[in-house]
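Written below as structure tokens is the structure these notes are about.
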There are 2 protein chains.
Amino acid sequence: MSLRAVAKVLAFLLLVTAACLLLPAVVAVIYREPDWRDFLITSGIGAAVGGLALTLLRGAPDLRVREGFAVVALGWLVVGLLGSLPFWLSGQIPDFTDAVFESISGFSTTGSSILTDIEGRSHAILFWRTMTHWLGGMGIVLLALAILPLLGVGGMQLFRAEVPGPVAERLTPRIRETAKLLWGVYVLLTALEVVALLLAGMSLFDAVCHAFATMATGGFSNNDSSVGGYGSPAVEWVIIVFMFLAGVNFSLHFMALTGRWRGYARDEEFRFYGVIILLSTALITTVLLGASFYPDAGTTVRHALFQVLAIVTTTGFGTADYLLWPPFTHALLLVLMAVGGCAGSTGGGIKVMRVLILLKHAKLELRKMLHPRGVFTVWFNNRPLSPGLQTNVLGFFLLFMVVYIAGVLILTLGGRDLVTSVGATAASIGNIGPGLGLVGPASNYSALLAWEKWLLMLMMIIGRLELFTVLVLFLPSGWRRS
Amino acid sequence: MSLRAVAKVLAFLLLVTAACLLLPAVVAVIYREPDWRDFLITSGIGAAVGGLALTLLRGAPDLRVREGFAVVALGWLVVGLLGSLPFWLSGQIPDFTDAVFESISGFSTTGSSILTDIEGRSHAILFWRTMTHWLGGMGIVLLALAILPLLGVGGMQLFRAEVPGPVAERLTPRIRETAKLLWGVYVLLTALEVVALLLAGMSLFDAVCHAFATMATGGFSNNDSSVGGYGSPAVEWVIIVFMFLAGVNFSLHFMALTGRWRGYARDEEFRFYGVIILLSTALITTVLLGASFYPDAGTTVRHALFQVLAIVTTTGFGTADYLLWPPFTHALLLVLMAVGGCAGSTGGGIKVMRVLILLKHAKLELRKMLHPRGVFTVWFNNRPLSPGLQTNVLGFFLLFMVVYIAGVLILTLGGRDLVTSVGATAASIGNIGPGLGLVGPASNYSALLAWEKWLLMLMMIIGRLELFTVLVLFLPSGWRRS
């Protein structure tokens, strides 16, 4: 492992973040808010540290595959730490742990918050808060479609050939090319959502922030009551559409924008994602109508569809207090939480593609019972899956369970109640946001102890980076010099 | 599928059960209770139906592998139905669904009960109730070590060569030979426990019933407050020892009885089972001591060890109301519930062997990340696992999750609350007994609706028969004539 190569990329990430921090400074100036200074200071720190490091590491080698793991895991941490400074320096979040929690939750597109009285905060802080989502989402798209396929993580190898770009031994050139293409799609969709939200009657400021939070499937809102607080069905429908799009593999959007619209229909994961959403919405709508929860069918469908998408894409926005809904909806939403969005989207969770492969595998093992000498293959998108890829996906699922159980055991060992521990761990590792119990959708994470917040931050980063990427760093052999 | 071959074995099972039903009739006569008639009537029905069917099916072919699935799944159902008649005919359980529930829960060694005022019941009923456990446990030992290895179910192939016996194309001769050896061990251990419980001060009747329930890891007790109701530390220690033994692969006991004591130490599953129990007990003891739950360390260790064993072996006995313990103990006990006993024991759950293989697989996939071109193998008991066996075990785990989630969704769709649904499904599919919420350890299953009870009975049978055996019958190709 070449630590110099790793440090070089981290320094570069600091410089990029430093540049991004100028935008909220501009927002502060526009709204005549005093915290432009805090953003400039933070930007200066990032630029100084990053610039100095880059100068010192001028001769460092380029990245190879093995260093990729360290860059990805440490990258989110370093950027998250820098991004927390404005919250802390401005005094808006006086506790340092809380400031880092909000920042890591933002960059990991989780959307768990420790903030109270959100509507009383400065524009610059709210802008930066949702911008951390957006930047994190940008990183995730790149990670999922350009870096992880090369590292061979948890089935992402499937997408190795999906996005065009020069193939090279070294990571950098290929990643750069892919990044440009995908970020174009990401920026375009964000711009479209801003326009749509403006047309639905939102202010420009709120529209930009919510577009940031939607496209990243983050979930920070400028309203204390989340999206429901705007009381606008039009806004909710716009966010429904864009949550759906944010949960789709971005390489499909890329194909569509270059004229290959059929990519959606041909993609097995996309079809399954559609079926999950339609079926879940139909079931929840039926149950809610049966219990006469809302005055009319239209409102019922809107709330059901919104909540299904907010959960399955792991955005975590809310329009209705679904904790009051009948128990079946809770059971179904818990399952959707675990499923998550499509691979190559900004959504978290296990990912639709993996769930589909796991279900196919289970069915195949059942059929093998009857035909012990038969040869069976799992097919995905009309291609046979290699056994190695299959066991890799199974390994991902197992690690997900192991990390999840470990999180719950540690939190309860510290004395936290079971429901809160289960909810907070699931919401963090799945990058969902609101949990259950003390950290349910009606409250937030501020009441937790400092060590619990740090543990959940670790969970967010492990979950966001597809587990393998972070966990591999805990293997001693990962640090051996090669 | 030859239905005649299947029916022939089922008829034979009815005859065996009819013979067993004479025993509780004798108990009734001894205690001068009127329900000897109900047992005789049931025995007569079983003998008549079984005998008639056997005569009619005289020319039916012997069993082949494929019919094995149907025999196993239908066998538990048919015997469970016959075994429910005494409960119903005697008027002790006036509702037919409840009577079948108690019987299926007994034969599947689950131990979920709908009975209230247990101490007010006749001796014959209590005897038969725990005897269903014992007979079911006998069936399970045979199933796990003689039948499933031949059918290739969920990793049980590992035990194909463990127990000596003539190998033949047709199932029957080999099963018969293995059965004799294993049942010898089972009967011997039961007899030892009866003696030990007598020495600990229990009455002969209670000793026999509790030995039946312990060796089968069932959990029915003659006391309304379960084992704790006897208030005897000596009794609890005896049951601790025999719960531990009942959760061990019976082929290891067989080896030990034939002089090969080292089998225990050499068996990787046994060692892991020991580590799980010691570690869990140490953690729970520490937490309970920290909260000053019991007056002295001895009592604390006893309660912790008893509850760990009652849960991990899926027996479900209770000495303490562990719902009052701190939340960490609940999280840990929930994990132990899922783990279950060793393969080839009478315990339920996923099984220690499978959990060990799953953990090894996850670790291996992690190491693969760093060495993409390396060749890795999962080893178990000093033998490399074939990839087919590995994916079979993974498939088992996935099916377990699918059935579990389906159970929770169906129960909540019917309007049952989430905690009860989660607890009842887990307790049924894992063959544990007491669940959570409405069906927690302090109450029982009588308050559930009839269809919910039937669903849970299905879950008990699916879980008890290692999933594959039952689920394979839902595949259309399973019924094709061959």
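All residue names refer to the structure tokens as shown: chains lettered A, B, ... in order, residues numbered from 1 in each chain, ligands numbered from 1 in order.
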Q | Contact residues around segment 326-335 of chain A with only C-alpha atoms at 9 Å, ignoring same-chain residues under 5 positions, as number ranges by chain | A | A: 280, 283-284, 287-288, 291, 307-308, 311-312; B: 405, 408-418
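Using only C-alpha atoms, the nearest neighbour of chain B within the list A:Ala450, A:Ala70, A:Leu143, A:Val29 is A:Ala70.
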Q | d(atom CA of Gly155 of chain A, atom CA of Met156 of chain B) in Å | A | 27.9 Å
(Q) From a backbone DSSP assignment, name each residue in segment 142-376 of chain B labelled helix (DSSP H, G or I), as an NGL selection string. (A) :B and (142-151 or 156-159 or 171-199 or 204-215 or 226-230 or 233-246 or 250-257 or 262-266 or 268-290 or 297-312 or 322-324 or 327-339 or 352-370)
Q) Which is closer to Phe39 of chain B than all the others in B:Asn222, B:Gly430, B:Met255, B:Leu85, using only C-alpha atoms? A)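 Ranked by minimum distance to Phe39 of chain B, first place goes to B:Leu85.
In this model, the gap between atom CA of Asn444 of chain A and atom CA of Ser225 of chain A comes to 11.7 Å.
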(Q) Calculated over only C-alpha atoms, which of the candidates B:Asn431, B:Thr391, B:Ser112, B:Ser446 has the smallest distance to chain A? (A) B:Thr391
Q. Could you state the separation of atom CA of Ile240 of chain A and atom CA of Val355 of chain A in Å, given to one decimal place?
A.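 Calculated distance between atom CA of Ile240 of chain A and atom CA of Val355 of chain A is 22.8 Å.
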Q) Could you pull the residues within 8 Å of Ala211 of chain B, counting only C-alpha atoms, minus those fewer than 2 positions along the same chain, as a list in words? A) Thr190, Ala191, Glu193, Val194, Ala207, Val208, Cys209, Ala213, Thr214 and Met215 of chain B
Q: Extract, using only C-alpha atoms, all DNA, RNA and protein residues at most 9 Å from Ala144 of chain B, discarding same-chain residues fewer than 6 positions from it, and format them as a PyMOL selection string.
A: chain B and resi 156+159+343-346+465-466
Deliver the residues from the most recent selection as a file, using all heavy atoms, as a JSON list (two decimals), in the first residue's frame.
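Contents of out_38.json, as written:
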[["chain", "number", "residue", "atom", "x", "y", "z"],
["B", 156, "MET", "N", -26.45, -30.48, 4.88],
["B", 156, "MET", "CA", -26.48, -31.70, 5.69],
["B", 156, "MET", "C", -25.70, -32.83, 5.00],
["B", 156, "MET", "O", -25.39, -33.84, 5.63],
["B", 156, "MET", "CB", -27.91, -32.15, 5.98],
["B", 156, "MET", "CG", -28.73, -31.16, 6.78],
["B", 156, "MET", "SD", -28.02, -30.71, 8.37],
["B", 156, "MET", "CE", -28.21, -32.28, 9.23],
["B", 159, "PHE", "N", -22.74, -34.59, 6.56],
["B", 159, "PHE", "CA", -22.82, -35.69, 7.52],
["B", 159, "PHE", "C", -23.07, -37.02, 6.84],
["B", 159, "PHE", "O", -23.40, -37.99, 7.49],
["B", 159, "PHE", "CB", -23.91, -35.40, 8.55],
["B", 159, "PHE", "CG", -23.65, -34.12, 9.29],
["B", 159, "PHE", "CD1", -24.44, -33.01, 9.07],
["B", 159, "PHE", "CD2", -22.59, -34.02, 10.16],
["B", 159, "PHE", "CE1", -24.18, -31.82, 9.73],
["B", 159, "PHE", "CE2", -22.32, -32.84, 10.83],
["B", 159, "PHE", "CZ", -23.13, -31.74, 10.61],
["B", 343, "ALA", "N", -26.17, -28.81, 13.94],
["B", 343, "ALA", "CA", -26.82, -29.69, 12.97],
["B", 343, "ALA", "C", -26.76, -31.12, 13.52],
["B", 343, "ALA", "O", -25.78, -31.48, 14.18],
["B", 343, "ALA", "CB", -26.08, -29.62, 11.65],
["B", 344, "GLY", "N", -27.83, -31.90, 13.31],
["B", 344, "GLY", "CA", -27.84, -33.26, 13.83],
["B", 344, "GLY", "C", -28.22, -33.34, 15.29],
["B", 344, "GLY", "O", -28.17, -34.40, 15.89],
["B", 345, "SER", "N", -28.59, -32.20, 15.88],
["B", 345, "SER", "CA", -29.15, -32.20, 17.23],
["B", 345, "SER", "C", -30.67, -32.09, 17.09],
["B", 345, "SER", "O", -31.19, -32.08, 15.99],
["B", 345, "SER", "CB", -28.62, -31.01, 18.03],
["B", 345, "SER", "OG", -29.27, -29.82, 17.61],
["B", 346, "THR", "N", -31.37, -31.98, 18.22],
["B", 346, "THR", "CA", -32.81, -31.76, 18.11],
["B", 346, "THR", "C", -33.14, -30.26, 18.10],
["B", 346, "THR", "O", -34.30, -29.89, 17.98],
["B", 346, "THR", "CB", -33.57, -32.43, 19.28],
["B", 346, "THR", "OG1", -33.06, -31.91, 20.51],
["B", 346, "THR", "CG2", -33.40, -33.93, 19.26],
["B", 465, "LEU", "N", -38.33, -28.84, 9.40],
["B", 465, "LEU", "CA", -37.89, -29.76, 8.35],
["B", 465, "LEU", "C", -36.85, -29.10, 7.45],
["B", 465, "LEU", "O", -36.72, -29.45, 6.28],
["B", 465, "LEU", "CB", -39.10, -30.27, 7.57],
["B", 465, "LEU", "CG", -40.15, -30.95, 8.47],
["B", 465, "LEU", "CD1", -41.29, -31.48, 7.65],
["B", 465, "LEU", "CD2", -39.52, -32.05, 9.30],
["B", 466, "GLU", "N", -36.11, -28.14, 7.99],
["B", 466, "GLU", "CA", -34.99, -27.52, 7.28],
["B", 466, "GLU", "C", -35.43, -26.89, 5.96],
["B", 466, "GLU", "O", -34.72, -26.94, 4.97],
["B", 466, "GLU", "CB", -33.89, -28.56, 7.03],
["B", 466, "GLU", "CG", -33.47, -29.32, 8.27],
["B", 466, "GLU", "CD", -32.43, -28.56, 9.09],
["B", 466, "GLU", "OE1", -31.64, -27.84, 8.51],
["B", 466, "GLU", "OE2", -32.45, -28.70, 10.33]]
**Q.** Pick from B:Val393, B:Ala424, B:Val100, B:Val27, whichever lies nearest to chain A using only C-alpha atoms
**A.** B:Val393
Q.
Could you check the closest approach to chain A for each of B:Arg64, B:Arg373, B:Lys180, B:His361 and tell me which residue wins, using only C-alpha atoms?
A. B:His361
Q. Pick from B:Arg58, B:Arg367, B:Arg32, B:His133: nearest to Gly80 of chain B, with only C-alpha atoms counted?
A.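 Looking at the shortest contact to Gly80 of chain B, the residue is B:His133.
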